[in-house]
Structure formats: structure tokens, C-alpha cells
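Next up, final.txt (compact mmCIF, C-alpha atoms):
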```txt
# COMPACT_ATOMS: atom_id res chain seq x y z
CA MET A 30 47.59 52.17 -0.24
CA THR A 31 46.38 54.82 2.23
CA ARG A 32 47.29 52.56 5.14
CA TRP A 33 50.88 51.71 4.21
CA TRP A 34 52.01 54.71 2.14
CA PRO A 35 52.93 56.78 5.25
CA TYR A 36 55.37 54.04 6.27
CA VAL A 37 56.91 54.06 2.79
CA ARG A 38 57.37 57.80 3.16
CA PHE A 39 59.02 57.28 6.54
CA GLY A 40 61.40 54.76 4.99
CA ALA A 41 62.31 56.99 2.05
CA ALA A 42 62.88 59.96 4.34
CA GLY A 43 64.99 57.88 6.73
CA LEU A 44 67.18 56.55 3.93
CA THR A 45 67.67 60.06 2.56
CA LEU A 46 68.58 61.54 5.94
CA ALA A 47 71.06 58.69 6.47
CA ALA A 48 72.62 59.45 3.08
CA ILE A 49 72.96 63.14 3.95
CA ILE A 50 74.54 62.35 7.31
CA ALA A 51 76.95 59.84 5.75
CA GLN A 52 78.14 62.33 3.14
CA LEU A 53 78.39 65.17 5.67
CA SER A 54 80.41 62.97 8.03
CA LEU A 55 82.91 62.15 5.28
CA THR A 56 83.09 65.80 4.23
CA VAL A 57 83.86 66.92 7.79
CA ALA A 58 86.41 64.12 8.25
CA ASN A 59 88.21 65.19 5.06
CA SER A 60 88.17 68.77 6.28
CA ARG A 61 89.76 67.82 9.61
CA ALA A 62 92.57 66.13 7.69
CA ALA A 63 93.12 68.99 5.24
CA PRO A 64 96.62 70.53 5.37
CA THR A 65 95.50 74.11 4.57
CA GLU A 66 93.79 76.69 6.74
CA TRP A 67 90.95 77.18 4.25
CA GLY A 68 90.51 73.46 3.69
CA SER A 69 90.24 72.74 7.42
CA HIS A 70 87.81 75.56 8.17
CA ILE A 71 84.87 73.38 9.17
CA PRO A 72 82.19 76.14 9.37
CA THR A 73 82.87 77.02 5.73
CA VAL A 74 82.98 73.38 4.68
CA VAL A 75 79.67 72.59 6.40
CA THR A 76 78.03 75.72 4.99
CA ASN A 77 79.25 74.77 1.53
CA PHE A 78 77.77 71.31 1.97
CA LEU A 79 74.41 72.77 2.94
CA SER A 80 74.61 75.18 -0.03
CA PHE A 81 74.24 72.43 -2.62
CA PHE A 82 70.77 72.52 -4.17
CA THR A 83 70.79 68.72 -4.09
CA VAL A 84 71.41 68.58 -0.35
CA LEU A 85 68.86 71.27 0.45
CA SER A 86 66.23 69.63 -1.79
CA ASN A 87 66.80 66.19 -0.27
CA LEU A 88 66.72 67.59 3.27
CA LEU A 89 63.53 69.54 2.66
CA GLY A 90 61.97 66.58 0.86
CA ALA A 91 62.71 64.23 3.75
CA ILE A 92 61.31 66.67 6.31
CA VAL A 93 58.10 67.22 4.32
CA LEU A 94 57.59 63.46 3.89
CA VAL A 95 58.01 62.87 7.64
CA ILE A 96 55.50 65.62 8.45
CA LEU A 97 53.01 64.24 5.92
CA ALA A 98 53.44 60.69 7.20
CA VAL A 99 52.80 61.81 10.79
CA TRP A 100 49.78 63.84 9.68
CA THR A 101 48.32 60.90 7.76
CA LEU A 102 48.71 58.54 10.71
CA THR A 103 47.18 60.99 13.19
CA ARG A 104 44.88 63.83 12.18
CA GLY A 105 44.73 62.80 8.53
CA ARG A 106 43.02 59.43 9.00
CA ASP A 107 39.58 60.88 8.32
CA ARG A 108 40.64 63.58 5.88
CA ARG A 109 40.12 63.15 2.14
CA VAL A 110 43.04 65.32 1.06
CA GLU A 111 46.26 66.79 2.42
CA PRO A 112 46.22 70.23 4.11
CA ARG A 113 46.76 72.97 1.56
CA GLY A 114 50.07 74.14 3.04
CA LEU A 115 51.53 70.64 3.12
CA ALA A 116 50.25 69.95 -0.38
CA VAL A 117 52.05 73.05 -1.70
CA LEU A 118 55.25 72.08 0.12
CA LEU A 119 55.03 68.56 -1.28
CA THR A 120 54.59 69.96 -4.79
CA CYS A 121 57.67 72.15 -4.31
CA VAL A 122 60.00 69.45 -2.96
CA SER A 123 58.77 66.94 -5.53
CA THR A 124 59.62 69.44 -8.26
CA TYR A 125 63.09 70.12 -6.84
CA MET A 126 63.93 66.44 -6.46
CA ILE A 127 62.74 65.48 -9.93
CA VAL A 128 64.76 68.35 -11.42
CA THR A 129 67.76 67.29 -9.30
CA GLY A 130 67.57 63.81 -10.80
CA ILE A 131 67.29 65.19 -14.32
CA VAL A 132 70.14 67.72 -13.97
CA TYR A 133 72.49 65.29 -12.26
CA ASN A 134 71.98 62.50 -14.73
CA THR A 135 72.24 64.77 -17.77
CA LEU A 136 74.92 67.30 -16.73
CA LEU A 137 76.85 65.92 -13.75
CA ARG A 138 76.82 62.12 -13.93
CA ASN A 139 80.20 61.99 -15.69
CA VAL A 140 81.90 64.76 -13.69
CA GLU A 141 84.82 63.11 -11.88
CA LEU A 142 85.28 63.88 -8.19
CA PRO A 143 88.51 63.41 -6.21
CA GLN A 144 88.85 59.91 -4.82
CA GLY A 145 87.48 59.60 -1.29
CA MET A 146 85.32 62.73 -1.48
CA THR A 147 81.98 61.00 -2.08
CA VAL A 148 80.08 58.18 -0.40
CA PRO A 149 78.95 56.14 -3.45
CA TRP A 150 75.67 54.78 -2.05
CA SER A 151 74.79 58.17 -0.58
CA ASN A 152 75.40 59.83 -3.93
CA GLU A 153 73.00 57.42 -5.65
CA VAL A 154 70.31 57.86 -3.01
CA LEU A 155 70.43 61.66 -3.20
CA HIS A 156 70.59 61.89 -6.99
CA VAL A 157 68.65 58.85 -8.22
CA VAL A 158 66.70 56.91 -5.58
CA PHE A 159 64.98 59.79 -3.78
CA PRO A 160 64.14 61.69 -6.99
CA LEU A 161 62.52 58.52 -8.35
CA PHE A 162 60.61 58.04 -5.10
CA LEU A 163 59.25 61.59 -5.21
CA LEU A 164 58.16 60.97 -8.81
CA ALA A 165 56.38 57.82 -7.64
CA ASP A 166 54.83 59.83 -4.79
CA VAL A 167 53.44 62.31 -7.31
CA LEU A 168 51.94 59.51 -9.41
CA PHE A 169 50.64 57.14 -6.75
CA ALA A 170 50.36 58.73 -3.26
CA PRO A 171 46.84 58.90 -1.80
CA LYS A 172 45.04 61.98 -0.42
CA ARG A 173 46.31 64.19 -3.23
CA ARG A 174 44.88 67.72 -3.13
CA LEU A 175 43.91 69.63 -6.26
CA LEU A 176 46.02 72.80 -6.31
CA PRO A 177 45.71 75.97 -8.45
CA TRP A 178 48.15 76.63 -11.28
CA SER A 179 49.63 79.51 -9.27
CA THR A 180 51.45 76.83 -7.26
CA VAL A 181 53.92 76.64 -10.16
CA ALA A 182 55.04 80.20 -9.37
CA VAL A 183 55.39 79.31 -5.69
CA ALA A 184 57.64 76.39 -6.58
CA ALA A 185 59.94 78.74 -8.52
CA ILE A 186 60.64 81.02 -5.54
CA PHE A 187 63.16 78.87 -3.68
CA PRO A 188 65.38 78.07 -6.72
CA VAL A 189 65.52 81.78 -7.63
CA VAL A 190 66.55 82.70 -4.07
CA TRP A 191 69.10 79.87 -4.02
CA ALA A 192 70.65 80.97 -7.34
CA GLY A 193 70.99 84.55 -6.10
CA TYR A 194 72.50 83.40 -2.80
CA THR A 195 74.95 81.12 -4.62
CA LEU A 196 76.21 83.74 -7.06
CA ILE A 197 76.60 86.40 -4.35
CA ARG A 198 78.30 84.11 -1.81
CA ALA A 199 80.62 82.46 -4.33
CA ASN A 200 83.14 85.30 -4.41
CA LEU A 201 83.15 85.87 -0.66
CA ILE A 202 84.85 82.63 0.35
CA ILE A 203 87.93 80.56 -0.42
CA ALA A 204 87.33 77.15 -2.01
CA PRO A 205 88.40 74.57 0.62
CA ALA A 206 89.71 72.05 -1.93
CA SER A 207 91.64 74.35 -4.30
CA GLY A 208 92.30 77.59 -2.47
CA ASP A 209 90.64 79.60 -5.27
CA PRO A 210 89.15 82.89 -4.04
CA TRP A 211 85.70 81.71 -5.08
CA TRP A 212 83.55 78.61 -4.65
CA TYR A 213 80.63 77.40 -6.74
CA PRO A 214 78.68 74.22 -5.88
CA TYR A 215 78.34 73.18 -9.53
CA PRO A 216 80.65 73.68 -12.53
CA PHE A 217 77.83 75.02 -14.72
CA LEU A 218 77.45 77.97 -12.29
CA ASP A 219 81.16 78.85 -12.32
CA PRO A 220 81.81 81.77 -14.73
CA HIS A 221 85.51 80.85 -14.75
CA LEU A 222 84.55 77.56 -16.43
CA GLN A 223 81.67 78.81 -18.58
CA GLY A 224 83.36 81.76 -20.28
CA GLY A 225 81.76 84.37 -18.04
CA TYR A 226 78.37 85.06 -16.53
CA LEU A 227 76.65 84.91 -19.92
CA GLY A 228 77.42 81.21 -20.12
CA VAL A 229 76.19 80.75 -16.56
CA ALA A 230 73.01 82.66 -17.40
CA GLY A 231 72.26 80.18 -20.16
CA TYR A 232 72.37 77.29 -17.71
CA ILE A 233 70.27 79.18 -15.15
CA VAL A 234 67.60 79.93 -17.74
CA GLY A 235 67.59 76.29 -18.83
CA ILE A 236 67.24 75.02 -15.27
CA ALA A 237 64.55 77.63 -14.54
CA LEU A 238 62.56 76.36 -17.51
CA ALA A 239 63.04 72.80 -16.24
CA ILE A 240 61.76 73.77 -12.79
CA VAL A 241 58.70 75.53 -14.18
CA SER A 242 57.98 72.64 -16.55
CA VAL A 243 58.33 69.98 -13.86
CA ALA A 244 56.28 72.03 -11.39
CA ALA A 245 53.54 72.34 -14.02
CA PHE A 246 53.67 68.58 -14.54
CA VAL A 247 53.39 67.91 -10.78
CA VAL A 248 50.45 70.33 -10.45
CA TRP A 249 48.78 68.82 -13.53
CA VAL A 250 49.05 65.31 -12.11
CA GLY A 251 47.65 66.55 -8.80
CA ARG A 252 44.73 68.20 -10.58
CA ARG A 253 43.94 64.94 -12.36
CA ARG A 254 44.30 62.70 -9.33
CA GLY A 255 43.25 64.98 -6.48
CA ALA A 256 40.28 66.90 -5.23
CA PRO A 257 39.63 70.17 -3.39
CA ASP A 258 39.04 69.95 0.35
CA GLY A 259 35.59 68.63 1.20
CA VAL A 260 35.14 66.77 -2.11
CA ALA A 261 35.17 63.02 -2.05
CA VAL A 262 38.10 61.47 -3.83
CA VAL A 263 37.13 58.98 -6.51
CA PRO A 264 39.77 56.23 -6.88
CA ALA A 265 41.61 56.70 -10.15
CA ALA A 266 44.21 54.78 -12.03
CA PRO A 267 47.77 56.15 -11.82
CA VAL A 268 48.66 58.68 -14.49
CA ALA A 269 50.44 56.98 -17.37
CA LEU A 270 53.60 58.61 -18.66
```
Render the structure in this file as C-alpha cells.
Amino acid sequence: MTRWWPYVRFGAAGLTLAAIIAQLSLTVANSRAAPTEWGSHIPTVVTNFLSFFTVLSNLLGAIVLVILAVWTLTRGRDRRVEPRGLAVLLTCVSTYMIVTGIVYNTLLRNVELPQGMTVPWSNEVLHVVFPLFLLADVLFAPKRRLLPWSTVAVAAIFPVVWAGYTLIRANLIIAPASGDPWWYPYPFLDPHLQGGYLGVAGYIVGIALAIVSVAAFVVWVGRRRGAPDGVAVVPAAPVAL
């Protein structure tokens, strides 16, 4: 598996980047055709696109997989485990993608979007295929490093920063599609739909618990399958769910 897993990572990252580009291209094309000033403001539209947690998580995940694949095929050939920094990054993006898959398929799967706003295959790659691949990477990828439990706290930093950024920025822009003087990437973050910020806070707490729980799971699997640097890795069966 050590020999061909880097190429699988390359493939997964390439498919994900293609999905992001396809969806961004359609989003920009729709913006160019928009009849309103706010709808056709491409800088805002592109920034909104890159403000989705799903897009950011997929983009970061693809980048980390490419870096790891290159490392494995070059300097990592004779190394037993991943570098600590890359191992922490991989734990973080794996957590974000697994949570993305869970949240989308439990809260957002049945949310209807305007016709022509989404690339169907891209949507499935970003919300289903890549999350499942990162889960498989956690369970089966070679050269897994044993990380301390404090990595769970590290994984929680980015989502907290993203949530703060989202709630602050939301009321500073006009929604391109509706013209509302606010824009939220997800309906469960919109206080106008959730009966105020208390309702939003409930969702944020729930997602925060999901992130911490999934991060703990990813670290736990790594501690069972991996080894600290300099310790020989004993082949082990994949962790059964």
C-alpha cells in the first residue's frame, strides 16, 4: 500500500480540485449574467464562494494530500512516519471533511437550491466522495504518526476562527442572489431563519461538539495505527468501525 497510496491521494486531490473549479466557474458565470449590481459583483461572489466551510475544507484537504503524496514519493521513502507538522495538518483536514460529510448529509442534503446554481457531480464530490476518501485515509493510509491528544484542540482552532469570521462578515455585505443586507453561507447560521442568534448558537455548539468528537476519533485511530518518529511501524489490520 505504501507504494501506490500516494498516487491515490494525487487522484483524490485532483478530482476535488476539479470539482471546486467547476463549481466556481459556474458561480462566476451566473454572476456575470446577474441583472443586479450586487449580484454581478464578482469579487463579493468569489469571496462568498471561498467562505463556505465545505469549499475551504476541500481545498485545504486537497493541498495537504498533494504535499503528503510528494513527500512520500521523495523524502519520505525511507521514513517510517509522516512529519509531525504534516501529520497534524492531515488530522485537521480529515476532521473537517468527515464533519462536512456528516453535516451536509444530515442537515443540508434536502435543502433545495435554485436551478442552475450547482454542478451536480461537483456537489457530490465535495460533500460525499472526498469526505469518504479522507475517512478511508484515516483508516488505511500508511506511515501514520502517533499524535498527542492535544491535537484535538489544534483541530478546533480553524472552525472557531471561521465561525467568528462568518458571523462578523455576514452583516457587512449584500447577498448576491436576494439583495438582503446580509449573507450567510448556511441556513443554520442565519439568525433570520433560526429565530435569532440563540438558535444559531445551538447549531454552532452542536457542530463544535461534532468537530471535537471526530478529531478525537481521528487522533485515536492514529494512536492505534501509528508510531512516534524513530519507532518501527508494525503492520496492523485496519481499525474496524
Spatial neighbours of A:Val99, 8 Å, all atoms listed in the file, chain gap at least 4 places, as a list in words: Pro35, Val95 and Thr103 of chain A
Residues within 12 Å of A:Leu161, all atoms listed in the file, excluding chain neighbours under 5 positions, as JSON, numbers by chain: {"A": [41, 87, 123, 124, 125, 126, 127, 128, 129, 130, 131, 153, 154, 155, 156, 166, 167, 168]}
Which residue of A:Ala48, A:Ala182, A:Ala192, A:Leu175 approaches A:Val243 most closely, using only C-alpha atoms: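 Among the listed residues, the smallest separation from A:Val243 belongs to A:Ala182.
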Interatomic distance, atom CA of A:Ile240 to atom CA of A:Ala185 (Å, one decimal):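 Atom-to-atom, atom CA of A:Ile240 and atom CA of A:Ala185 are spaced 6.8 Å apart.
Residues within 10 Å of A:Val74, counting all atoms listed in the file and excluding same-chain residues fewer than 2 positions away, are Leu53, Thr56, Val57, Asn59, Ser60, Trp67, Gly68, Ser69, His70, Ile71, Pro72, Thr76, Asn77, Phe78, Leu79, Ser80, Ala204, Pro205 and Ala206 of chain A.
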How would stretch 58-85 of chain A look with N, CA and C atoms restored, written as a compact mmCIF listing (two decimals), in the frame of the given file?
```
# COMPACT_ATOMS: atom_id res chain seq x y z
N ALA A 58 85.19 64.88 7.98
CA ALA A 58 86.41 64.12 8.25
C ALA A 58 87.53 64.54 7.30
N ASN A 59 87.21 64.73 6.03
CA ASN A 59 88.21 65.19 5.06
C ASN A 59 88.69 66.59 5.40
N SER A 60 87.79 67.42 5.90
CA SER A 60 88.17 68.77 6.28
C SER A 60 89.13 68.77 7.46
N ARG A 61 88.87 67.91 8.44
CA ARG A 61 89.76 67.82 9.61
C ARG A 61 91.17 67.40 9.21
N ALA A 62 91.26 66.62 8.13
CA ALA A 62 92.57 66.13 7.69
C ALA A 62 93.25 67.04 6.67
N ALA A 63 92.57 68.11 6.27
CA ALA A 63 93.12 68.99 5.24
C ALA A 63 94.35 69.73 5.76
N PRO A 64 95.37 69.90 4.93
CA PRO A 64 96.62 70.53 5.37
C PRO A 64 96.58 72.06 5.32
N THR A 65 95.55 72.65 4.72
CA THR A 65 95.50 74.11 4.57
C THR A 65 94.49 74.71 5.54
N GLU A 66 94.69 75.99 5.82
CA GLU A 66 93.79 76.69 6.74
C GLU A 66 92.38 76.78 6.18
N TRP A 67 92.28 77.06 4.86
CA TRP A 67 90.95 77.18 4.25
C TRP A 67 90.28 75.82 4.09
N GLY A 68 91.08 74.78 3.85
CA GLY A 68 90.51 73.46 3.69
C GLY A 68 90.02 72.86 5.00
N SER A 69 90.61 73.29 6.12
CA SER A 69 90.24 72.74 7.42
C SER A 69 89.28 73.64 8.18
N HIS A 70 88.75 74.66 7.51
CA HIS A 70 87.81 75.56 8.17
C HIS A 70 86.42 74.93 8.11
N ILE A 71 86.08 74.20 9.16
CA ILE A 71 84.87 73.38 9.17
C ILE A 71 83.59 74.19 8.98
N PRO A 72 83.43 75.37 9.61
CA PRO A 72 82.19 76.14 9.37
C PRO A 72 81.95 76.42 7.89
N THR A 73 83.02 76.77 7.16
CA THR A 73 82.87 77.02 5.73
C THR A 73 82.53 75.75 4.99
N VAL A 74 83.21 74.66 5.34
CA VAL A 74 82.98 73.38 4.68
C VAL A 74 81.54 72.91 4.89
N VAL A 75 81.04 73.02 6.10
CA VAL A 75 79.67 72.59 6.40
C VAL A 75 78.66 73.50 5.68
N THR A 76 78.92 74.80 5.69
CA THR A 76 78.03 75.72 4.99
C THR A 76 78.01 75.44 3.50
N ASN A 77 79.19 75.14 2.94
CA ASN A 77 79.25 74.77 1.53
C ASN A 77 78.41 73.53 1.25
N PHE A 78 78.53 72.55 2.13
CA PHE A 78 77.77 71.31 1.97
C PHE A 78 76.28 71.59 1.94
N LEU A 79 75.84 72.45 2.85
CA LEU A 79 74.41 72.77 2.94
C LEU A 79 73.98 73.78 1.88
N SER A 80 74.93 74.23 1.04
CA SER A 80 74.61 75.18 -0.03
C SER A 80 74.35 74.48 -1.35
N PHE A 81 74.56 73.17 -1.41
CA PHE A 81 74.24 72.43 -2.62
C PHE A 81 72.72 72.32 -2.76
N PHE A 82 72.21 72.63 -3.93
CA PHE A 82 70.77 72.52 -4.17
C PHE A 82 70.30 71.09 -3.93
N THR A 83 71.14 70.13 -4.30
CA THR A 83 70.79 68.72 -4.09
C THR A 83 70.58 68.41 -2.62
N VAL A 84 71.51 68.86 -1.78
CA VAL A 84 71.41 68.58 -0.35
C VAL A 84 70.19 69.26 0.25
N LEU A 85 70.01 70.54 -0.08
CA LEU A 85 68.86 71.27 0.45
C LEU A 85 67.54 70.63 0.00
```
